[in-house]
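Accompanying notes for the structure given below.
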Amino acid sequence: MSILINKNTRLLVQGITGNEGLFHTTQMVAYGTNVVAGVTPGKGGEWALDGKIPVFDSVKLAKEATDANCSVIFVPARFAPDAMFEAADAGIPLIVCITEGVAVQDMMRVRSYLDHKGVRLIGPNCPGMLTPGESKVGIIPGNIAIPGNIGVVSRSGTLTYEVLYALKLVGMGASTCVGIGGDPINGTNFIDVLEMFEYDADTEKVVLIGEIGGTDEDKAAEYIASKMTKPVVSFIAGQTAPPGKRMGHAGAIIEGGAGTAEGKIKALKAAGVKVAKHPEEIPSLLK
Amino acid sequence: MKLHEYQSKTIFAKYGVPIPKGRVAATALEARHIAEELGGRVVIKSQVLVGGRGKAGGIKVAKNAAEAEQLAQQILSMEIKGLPVRKILVDEAAAIEKEIYFSITNDRAAKKPVMIASAAGGVDIEEVAATNPEKIIKVHIDPLLGLRDYQARDIAASINLPREYWRDFSKIAEGLWQAYRKTDATLAEINPLVITEDKRLIALDGKMLIDDNAMFRQSDLNEMRDTDEEAPAEIEARKYGLSYIKLDGNIGCMVNGAGLAMTSMDIVKLFNGEPANFLDIGGGAGADKVAAAMRIILSDSNVKAVLFNIFGGITRCDEVARGILVAMDEVKPKVPMVVRLVGTNAEEGRKLLENAKMITAETLADAAQKAVQAAQQN
């Protein structure tokens, strides 16, 4: 078992004929992901990957023809909000948006709409998910992780790869790795994923990778302290980052003193979480 | 992107928020003419993109046009927090009865816009928020529905605004919401919104921040960008879609992904080095972007060594390697370089760099240590 994606995932790729879409679809298929369809408006009826994957004009048509149950989005930022609305309206229950740089007011509207529909969104600005040996949805390099019993959840992209790779080097594997993305407004937060790991029979321990800004790590700490039975190891990036550009008075009022690496580390430690000094220290803290 | 006060207030006025009469000036003589037009008593306000202008002496009241010219001259020769004053706003002086704080920003925890108001407006609003949070009213706005009339009335009532102002306040609230909504702002702030002695509500000061990700549909605003106040390297970086912040150390860092870039800085410091910059080349960077990043890093003369840490996902290591080679050919750097390539097409990338005389590293800790060592020896 695993969370969110497994060998039964029937994946649709929005933006399959673009550069990034095509490159990463090739990688996902090579990994063994069951990619059943692609969508590029205006290219319906064509085939991608040497005739292996049918391309449709809309998500609705693709869903009707292939019964896809997950969509991954590789379209440019200005078109990504529409792609998310389209997938939700077509009845796709799980949407993964890789695209970086989506406007924040667009994301607030998307998130609000998807919440009303009960659709789960991972991202945007995220590396996607990997259930080693079963399915890869997104851009996490498949060969840097092996199957195992460690659940990984992260706000970062490449920093997540570092951790998976460090685990692999000592023979530790992941049940599922979920990159929730680094944008201020995203679809799924730490607590959602921690809860899934808590109830996943194949996950024994959890790694949580956070960074400065926002209060998601503090909320995760509260959840870990009150609800989680499985051990959690963490790393918080940005411990030496200079104080960021402040968002005027309003930002300070909303976030108060929260958002620093120091504050997050303190909250996590108080919740019984072991916090690593750097990512390559994580495997030893899991032992 | 930050907007100046005069730019923010122009936008507010466009959406029906009343602002004082006034204009922006670049010389003391212009300021004098504006003061004459406005009938004498004016406020001269420095236009720089930092807070605390008043406390630094960058805002002064002039009794007449002659004094306006004199004070304008004085303020135009100032530097505030290191930024030279190039423009001043000359506004009619208002007789203030009461100051209110009023803004809209993004509440990332609630994933919604939030309207914030307080009867205790003015420069000490942050202190009010810290010591008397009950004096700050917050109302979340549904991003799909927009601000509803009753919400504006509720805010007016909650800050004990006298009823005769509710109608005007509701119009200002709607105007502020529209200004925020139509410009893709991340902050639209009026502080203070004043009640004048002649019973009017006016936005005396304004501040806006615009979402850089939305610039593709805000081309008018892009023309308002004040590049005078940005470091040349940061302007250059933005042109290529790079995220760059200059720091004081001597180890240049080029990394893909903000989290990994911050982590690389953390580890450099952990091994007693000092990063010269934060630089995230983003996802899927091509060779030209990488070459630009390298030119920007090397334009900082403090840099004694460069650390490249690339973990390929959407970014392909061979593309990064090609960019490094293009830049090396062009810039002919004299500082040692430590490179670590892992992930997508890492093998191809390493092959491309085989003859480039770079120090290679396997792990993140190894790369940071080698960079710190190289900087010390150089």
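Residue numbering restarts at 1 for every chain of the structure tokens, chains are lettered A, B, ... in their displayed order, and ligands are numbered from 1 as they appear.
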
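For Val335 of chain B, the non-local neighbours within 10 Å, defined as residues at least 4 positions apart in the same chain or in other chains and counting only C-alpha atoms, are Leu298, Val303, Lys304, Ala305, Val306, Ala374, Ala375 and Asn378 of chain B.
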
Just to be explicit: take each residue in the selection above, keep N, CA and C atoms, and write the result as an mmCIF file, in the first residue's frame.
```cif
data_model
loop_
_atom_site.group_PDB
_atom_site.id
_atom_site.type_symbol
_atom_site.label_atom_id
_atom_site.label_comp_id
_atom_site.auth_asym_id
_atom_site.auth_seq_id
_atom_site.Cartn_x
_atom_site.Cartn_y
_atom_site.Cartn_z
ATOM 1 N N LEU B 298 29.250 36.166 -10.962
ATOM 2 C CA LEU B 298 30.644 36.587 -11.099
ATOM 3 C C LEU B 298 30.799 38.112 -11.182
ATOM 4 N N VAL B 303 33.146 37.510 -4.704
ATOM 5 C CA VAL B 303 33.059 36.057 -4.879
ATOM 6 C C VAL B 303 34.445 35.435 -5.077
ATOM 7 N N LYS B 304 34.780 34.485 -4.166
ATOM 8 C CA LYS B 304 36.095 33.829 -4.221
ATOM 9 C C LYS B 304 35.983 32.382 -4.680
ATOM 10 N N ALA B 305 34.764 31.860 -4.691
ATOM 11 C CA ALA B 305 34.529 30.503 -5.184
ATOM 12 C C ALA B 305 33.050 30.398 -5.518
ATOM 13 N N VAL B 306 32.723 29.491 -6.465
ATOM 14 C CA VAL B 306 31.316 29.325 -6.836
ATOM 15 C C VAL B 306 30.902 27.878 -6.590
ATOM 16 N N ALA B 374 37.876 26.013 -1.013
ATOM 17 C CA ALA B 374 38.379 26.698 -2.210
ATOM 18 C C ALA B 374 38.379 28.214 -2.007
ATOM 19 N N ALA B 375 37.347 28.728 -1.347
ATOM 20 C CA ALA B 375 37.258 30.174 -1.116
ATOM 21 C C ALA B 375 38.361 30.637 -0.170
ATOM 22 N N ASN B 378 41.707 30.697 -2.043
ATOM 23 C CA ASN B 378 41.828 31.612 -3.185
ATOM 24 C C ASN B 378 42.183 33.030 -2.724
#
```

May I have the residues within 6 Å of segment 163-178 of chain A as a PyMOL selection string, using only C-alpha atoms and disregarding those fewer than 3 positions away in the same chain? chain A and resi 2+129-131+144-153+160+203+279-280+283

Residues of chain A near chain B: apply a cut-off of 8 Å, count only C-alpha atoms, and supply the list as a PyMOL selection string. chain A and resi 20+24+78+100-105+108-109+111-113+127+139-141+144+155-159+161-162+184-185+211+214-216+237-241+247-254+256+278+280

Just list the residues in segment 82-160 of chain A DSSP gives helix (DSSP H, G or I) on the backbone, as number ranges by chain. A: 82-89, 104-117, 142-144, 158-160

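The residue set within 6 Å of segment 287-294 of chain B, counting only C-alpha atoms and dropping same-chain residues fewer than 3 places from it, reads Ile297, Glu319, Val320, Arg322, Gly323, Ile324 and Ala327 of chain B.
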
Please write the residues from the selection above to a file, keeping N, CA and C atoms, as a short mmCIF file (atom, residue, chain, number, x, y, z; two decimals), in the first residue's frame.
```cif
data_model
loop_
_atom_site.label_atom_id
_atom_site.label_comp_id
_atom_site.auth_asym_id
_atom_site.auth_seq_id
_atom_site.Cartn_x
_atom_site.Cartn_y
_atom_site.Cartn_z
N ILE B 297 26.45 36.10 -10.88
CA ILE B 297 27.23 35.69 -9.70
C ILE B 297 28.64 36.27 -9.77
N GLU B 319 21.59 20.45 -19.76
CA GLU B 319 21.30 21.84 -20.14
C GLU B 319 22.09 22.81 -19.26
N VAL B 320 22.12 22.51 -17.96
CA VAL B 320 22.86 23.35 -17.01
C VAL B 320 24.34 23.34 -17.38
N ARG B 322 25.69 22.83 -20.27
CA ARG B 322 25.89 23.63 -21.48
C ARG B 322 25.94 25.12 -21.14
N GLY B 323 25.05 25.55 -20.24
CA GLY B 323 25.02 26.96 -19.81
C GLY B 323 26.31 27.35 -19.13
N ILE B 324 26.80 26.47 -18.28
CA ILE B 324 28.06 26.74 -17.58
C ILE B 324 29.19 26.91 -18.60
N ALA B 327 28.93 30.27 -20.45
CA ALA B 327 29.33 31.38 -19.59
C ALA B 327 30.83 31.39 -19.34
#
```

Please identify the strand (DSSP E) residues within segment 163-218 of chain A (assignment by DSSP from backbone atoms) and present them as an NGL selection string. :A and (174-179 or 205-211)

Please produce a file of those selected residues containing N, CA, C and O atoms, as a PDB file, in the first residue's frame.
```
ATOM      1  N   ALA A 174      11.121   4.640   0.391  1.00  0.00           N
ATOM      2  CA  ALA A 174       9.932   5.443   0.683  1.00  0.00           C
ATOM      3  C   ALA A 174       8.654   4.671   0.351  1.00  0.00           C
ATOM      4  O   ALA A 174       8.613   3.913  -0.618  1.00  0.00           O
ATOM      5  N   SER A 175       7.621   4.860   1.173  1.00  0.00           N
ATOM      6  CA  SER A 175       6.295   4.313   0.839  1.00  0.00           C
ATOM      7  C   SER A 175       5.717   5.194  -0.267  1.00  0.00           C
ATOM      8  O   SER A 175       5.469   4.739  -1.379  1.00  0.00           O
ATOM      9  N   THR A 176       5.542   6.478   0.039  1.00  0.00           N
ATOM     10  CA  THR A 176       5.179   7.463  -0.978  1.00  0.00           C
ATOM     11  C   THR A 176       5.888   8.764  -0.625  1.00  0.00           C
ATOM     12  O   THR A 176       6.102   9.053   0.550  1.00  0.00           O
ATOM     13  N   CYS A 177       6.276   9.509  -1.651  1.00  0.00           N
ATOM     14  CA  CYS A 177       6.830  10.845  -1.441  1.00  0.00           C
ATOM     15  C   CYS A 177       5.862  11.845  -2.063  1.00  0.00           C
ATOM     16  O   CYS A 177       5.477  11.715  -3.221  1.00  0.00           O
ATOM     17  N   VAL A 178       5.445  12.831  -1.273  1.00  0.00           N
ATOM     18  CA  VAL A 178       4.502  13.839  -1.757  1.00  0.00           C
ATOM     19  C   VAL A 178       5.151  15.220  -1.676  1.00  0.00           C
ATOM     20  O   VAL A 178       5.522  15.668  -0.594  1.00  0.00           O
ATOM     21  N   GLY A 179       5.285  15.878  -2.829  1.00  0.00           N
ATOM     22  CA  GLY A 179       5.773  17.257  -2.851  1.00  0.00           C
ATOM     23  C   GLY A 179       4.567  18.181  -2.915  1.00  0.00           C
ATOM     24  O   GLY A 179       3.880  18.233  -3.927  1.00  0.00           O
ATOM     25  N   LYS A 205       7.510   5.348   9.371  1.00  0.00           N
ATOM     26  CA  LYS A 205       8.087   6.597   9.861  1.00  0.00           C
ATOM     27  C   LYS A 205       7.873   7.675   8.807  1.00  0.00           C
ATOM     28  O   LYS A 205       7.673   7.361   7.634  1.00  0.00           O
ATOM     29  N   VAL A 206       7.947   8.929   9.233  1.00  0.00           N
ATOM     30  CA  VAL A 206       7.652  10.022   8.308  1.00  0.00           C
ATOM     31  C   VAL A 206       8.766  11.075   8.336  1.00  0.00           C
ATOM     32  O   VAL A 206       9.311  11.379   9.399  1.00  0.00           O
ATOM     33  N   VAL A 207       9.120  11.577   7.141  1.00  0.00           N
ATOM     34  CA  VAL A 207      10.044  12.705   7.044  1.00  0.00           C
ATOM     35  C   VAL A 207       9.266  13.923   6.543  1.00  0.00           C
ATOM     36  O   VAL A 207       8.563  13.835   5.535  1.00  0.00           O
ATOM     37  N   LEU A 208       9.391  15.018   7.262  1.00  0.00           N
ATOM     38  CA  LEU A 208       8.700  16.259   6.895  1.00  0.00           C
ATOM     39  C   LEU A 208       9.753  17.325   6.574  1.00  0.00           C
ATOM     40  O   LEU A 208      10.599  17.642   7.408  1.00  0.00           O
ATOM     41  N   ILE A 209       9.708  17.833   5.336  1.00  0.00           N
ATOM     42  CA  ILE A 209      10.693  18.828   4.917  1.00  0.00           C
ATOM     43  C   ILE A 209       9.992  20.166   4.721  1.00  0.00           C
ATOM     44  O   ILE A 209       9.158  20.314   3.836  1.00  0.00           O
ATOM     45  N   GLY A 210      10.337  21.121   5.576  1.00  0.00           N
ATOM     46  CA  GLY A 210       9.683  22.426   5.517  1.00  0.00           C
ATOM     47  C   GLY A 210      10.664  23.514   5.157  1.00  0.00           C
ATOM     48  O   GLY A 210      11.839  23.262   4.907  1.00  0.00           O
ATOM     49  N   GLU A 211      10.162  24.734   5.139  1.00  0.00           N
ATOM     50  CA  GLU A 211      11.037  25.885   4.918  1.00  0.00           C
ATOM     51  C   GLU A 211      10.442  27.117   5.577  1.00  0.00           C
ATOM     52  O   GLU A 211       9.325  27.075   6.099  1.00  0.00           O
TER      53      GLU A 211
END
```

List the neighbours of Asp366 of chain B out to 12 Å using only C-alpha atoms; skip same-chain residues closer than 3 positions along the sequence, and give me the result as an NGL selection string. (:A and (280)) or (:B and (264 or 267-268 or 271 or 307 or 309 or 338-340 or 359-363 or 369-373))

Can you tell me which residues surround Gly42 of chain A at a distance of at most 10 Å, considering only C-alpha atoms, apart from same-chain residues fewer than 6 positions away, and format the answer as a PyMOL selection string? chain A and resi 55-58

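Distance check against Ile3 of chain A using only C-alpha atoms: of A:Asn125, A:Ser226, A:Ser135, A:Asn186, the minimum falls on A:Ser135.
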